[in-house]
Amino acid sequence: MHSISITASCQLCVDACPAKAIVMDDEMLGLDEAACTACGLCQAVCPQNAISIVYEPPVRGDEVLLVCEKTGAEYGRQRISCLHQVGMEQLAKYYQQGVRKLIVASADCKTCIAPGRLLEKHLQEFNLLACNRELSPIEMIVGPCVPDKKWCQADEELELEDSSKRKLFTALGKHLSDNNNEPAEDAPASQHAKFQSRNASPKTTIFSWVPRINEDRCDGCDACMRICPAHSLTRVNENGSQTHYEILPQNCNGCELCLDVCQNDAIILSEMDVCKTRIVPLQAFTCTSCGVACHVPGSETKEDSLCRICSQTQHHKKLFQVLT
């Protein structure tokens, strides 16, 4: 996101890091490896999935095991540095694999660094989306009891990685090394975006993030359309039909780049909401001052209208003609 726009205001990973290992200023975004504990809270809150931790929890049928690393030895060797590193993207990935139960072994740590118990929050929101689509929710089973022996059998061939060697920012490095900072023509859909697309036609469908366009404020500059990395805001120009903005909330990840670039505050982004308006019709007109073809939201014919540049600069009032 920061490689796409210098005005990007997102710093969710910085705010979520309890060790202050992620540093960001006007010139760089980096990771202090010495300070990083690989807790993964940054992974859970990153809207672009730019941060990833190399960890695959054991999956058995429709169950996945998440064991806090602070639990006792009786829970086996397969641990997760922090239960709350599991965000919406990871839950969607497990769901696509057929997982319907989270077997969670918590250390009952009273000094848990995760604010607001992120795992419970993300699971509640994910299940809301699932039930809204008439899909089975994911059940979470938490308790101090030792999981079934099938989970705890020691695997001598399993070589666990040291938490200090876990790789963070794998996707971010790829983005920053790319010389072309323009959004991809066909942005790859995340597991969460694929999940949100299921049964997403009715207006009563709930989405994680829903962008809206305030037609009274929008001047039709298309900045939000051009910058959206998920293509949740697009302009459709089909033959035989009126040009319009189309809102695809199933693609939106809440990165807020559209909010950052909109000078008129015409974009509204709501969380866990329904999308009541997906089509915003556009009215084409020609600027009476500079002659440029323009468009703005609305259905009424525009006459004697100025483009957004001329309306801001008012330079048309300074034009004059000399008659001889």
# chains A, B, ... in the order shown; residues from 1 in each chain; ligands from 1
call {"tool": "residues_around", "arguments": {"residues": "Phe207 in chain A", "least_positions_apart": "4", "cutoff": "9 Å", "atoms": "only C-alpha atoms", "output": "list in words"}}
result
Leu129, Gln196, Ala200, Pro249, Gln250, Cys252, Glu271, Met272, Asp273, Val274 and Cys275 of chain A
call {"tool": "residues_around", "arguments": {"residues": "Val99 in chain A", "least_positions_apart": "5", "cutoff": "10 Å", "atoms": "only C-alpha atoms", "output": "ChimeraX atom specification"}}
result
/A:59-64,91-94,137-139
call {"tool": "write_last_selection", "arguments": {"atoms": "N, CA and C atoms", "output": "PDB file, in the first residue's frame"}}
result
ATOM      1  N   VAL A  59      -3.690 -30.164  10.909  1.00  0.00           N
ATOM      2  CA  VAL A  59      -5.098 -30.286  10.534  1.00  0.00           C
ATOM      3  C   VAL A  59      -5.450 -31.767  10.455  1.00  0.00           C
ATOM      4  N   ARG A  60      -6.538 -32.145  11.117  1.00  0.00           N
ATOM      5  CA  ARG A  60      -7.027 -33.517  11.075  1.00  0.00           C
ATOM      6  C   ARG A  60      -8.511 -33.477  10.708  1.00  0.00           C
ATOM      7  N   GLY A  61      -8.824 -33.848   9.470  1.00  0.00           N
ATOM      8  CA  GLY A  61     -10.219 -33.815   9.049  1.00  0.00           C
ATOM      9  C   GLY A  61     -10.781 -32.405   9.061  1.00  0.00           C
ATOM     10  N   ASP A  62     -11.804 -32.179   9.870  1.00  0.00           N
ATOM     11  CA  ASP A  62     -12.421 -30.852   9.951  1.00  0.00           C
ATOM     12  C   ASP A  62     -11.947 -30.084  11.174  1.00  0.00           C
ATOM     13  N   GLU A  63     -10.821 -30.500  11.762  1.00  0.00           N
ATOM     14  CA  GLU A  63     -10.292 -29.849  12.964  1.00  0.00           C
ATOM     15  C   GLU A  63      -8.882 -29.332  12.710  1.00  0.00           C
ATOM     16  N   VAL A  64      -8.566 -28.200  13.343  1.00  0.00           N
ATOM     17  CA  VAL A  64      -7.223 -27.659  13.314  1.00  0.00           C
ATOM     18  C   VAL A  64      -6.817 -27.376  14.751  1.00  0.00           C
ATOM     19  N   LEU A  91      -8.445 -17.699   8.912  1.00  0.00           N
ATOM     20  CA  LEU A  91      -9.691 -18.440   9.149  1.00  0.00           C
ATOM     21  C   LEU A  91     -10.331 -18.852   7.824  1.00  0.00           C
ATOM     22  N   ALA A  92     -10.303 -17.956   6.845  1.00  0.00           N
ATOM     23  CA  ALA A  92     -10.862 -18.287   5.529  1.00  0.00           C
ATOM     24  C   ALA A  92     -10.062 -19.402   4.876  1.00  0.00           C
ATOM     25  N   LYS A  93      -8.755 -19.384   5.067  1.00  0.00           N
ATOM     26  CA  LYS A  93      -7.899 -20.444   4.504  1.00  0.00           C
ATOM     27  C   LYS A  93      -8.243 -21.793   5.126  1.00  0.00           C
ATOM     28  N   TYR A  94      -8.393 -21.827   6.458  1.00  0.00           N
ATOM     29  CA  TYR A  94      -8.772 -23.075   7.120  1.00  0.00           C
ATOM     30  C   TYR A  94     -10.144 -23.540   6.638  1.00  0.00           C
ATOM     31  N   PRO A 137     -20.809 -22.426  10.612  1.00  0.00           N
ATOM     32  CA  PRO A 137     -19.782 -21.624  11.287  1.00  0.00           C
ATOM     33  C   PRO A 137     -18.628 -22.500  11.762  1.00  0.00           C
ATOM     34  N   ILE A 138     -17.575 -21.860  12.219  1.00  0.00           N
ATOM     35  CA  ILE A 138     -16.428 -22.562  12.807  1.00  0.00           C
ATOM     36  C   ILE A 138     -16.598 -22.560  14.319  1.00  0.00           C
ATOM     37  N   GLU A 139     -16.542 -23.727  14.910  1.00  0.00           N
ATOM     38  CA  GLU A 139     -16.673 -23.865  16.360  1.00  0.00           C
ATOM     39  C   GLU A 139     -15.293 -23.818  16.995  1.00  0.00           C
TER      40      GLU A 139
END
call {"tool": "select_by_dssp", "arguments": {"residues": "range 8-146 of chain A", "states": "alpha helix (DSSP H)", "output": "MDAnalysis selection string"}}
result
chainID A and resid 12:16 41:45 88:96 118:132
call {"tool": "select_by_dssp", "arguments": {"residues": "range 273-304 of chain A", "states": "strand (DSSP E)", "output": "MDAnalysis selection string"}}
result
chainID A and resid 273:274 279:286 293:297
call {"tool": "atom_distance", "arguments": {"atom1": "CA of Val67 in chain A", "atom2": "CA of His122 in chain A"}}
result
17.4 Å
call {"tool": "closest_residue", "arguments": {"among": "A:Asn132, A:Thr288, A:Gln97, A:Asn253", "to": "Pro229 in chain A", "atoms": "only C-alpha atoms"}}
result
A:Asn253
call {"tool": "residues_around", "arguments": {"residues": "Leu118 in chain A", "least_positions_apart": "4", "cutoff": "10 Å", "atoms": "only C-alpha atoms", "output": "list in words"}}
result
Leu41, Ala44, Val45, Leu83, His84, Gln85, Val86, Gly87, Ala114, His122, Leu123 and Gln124 of chain A
call {"tool": "residues_around", "arguments": {"residues": "Pro297 in chain A", "least_positions_apart": "3", "cutoff": "6 Å", "atoms": "only C-alpha atoms", "output": "list in words"}}
result
Glu215, Pro281 and Leu282 of chain A
call {"tool": "atom_distance", "arguments": {"atom1": "CA of Ile206 in chain A", "atom2": "CA of Ser270 in chain A"}}
result
10.9 Å
call {"tool": "closest_residue", "arguments": {"among": "A:Ala266, A:Ile4, A:Ala193, A:Ala19", "to": "Cys221 in chain A", "atoms": "only C-alpha atoms"}}
result
A:Ala266
call {"tool": "closest_residue", "arguments": {"among": "A:Ala130, A:Ile227, A:Ile309, A:Ile53", "to": "Phe195 in chain A", "atoms": "only C-alpha atoms"}}
result
A:Ala130
call {"tool": "residues_around", "arguments": {"residues": "Asp15 in chain A", "least_positions_apart": "4", "cutoff": "10 Å", "atoms": "only C-alpha atoms", "output": "ChimeraX atom specification"}}
result
/A:10-11,20,22,41-42,45
call {"tool": "residues_around", "arguments": {"residues": "Leu66 in chain A", "least_positions_apart": "2", "cutoff": "8 Å", "atoms": "only C-alpha atoms", "output": "list in words"}}
result
Pro57, Pro58, Val64, Cys68, Arg79, Ile80, Leu83, Leu102, Ile103, Val104 and Ala105 of chain A
call {"tool": "atom_distance", "arguments": {"atom1": "CA of Asn127 in chain A", "atom2": "CA of Leu257 in chain A"}}
result
26.8 Å
call {"tool": "residues_around", "arguments": {"residues": "Thr243 in chain A", "least_positions_apart": "2", "cutoff": "9 Å", "atoms": "only C-alpha atoms", "output": "ChimeraX atom specification"}}
result
/A:235-239,241,245,280-284,295
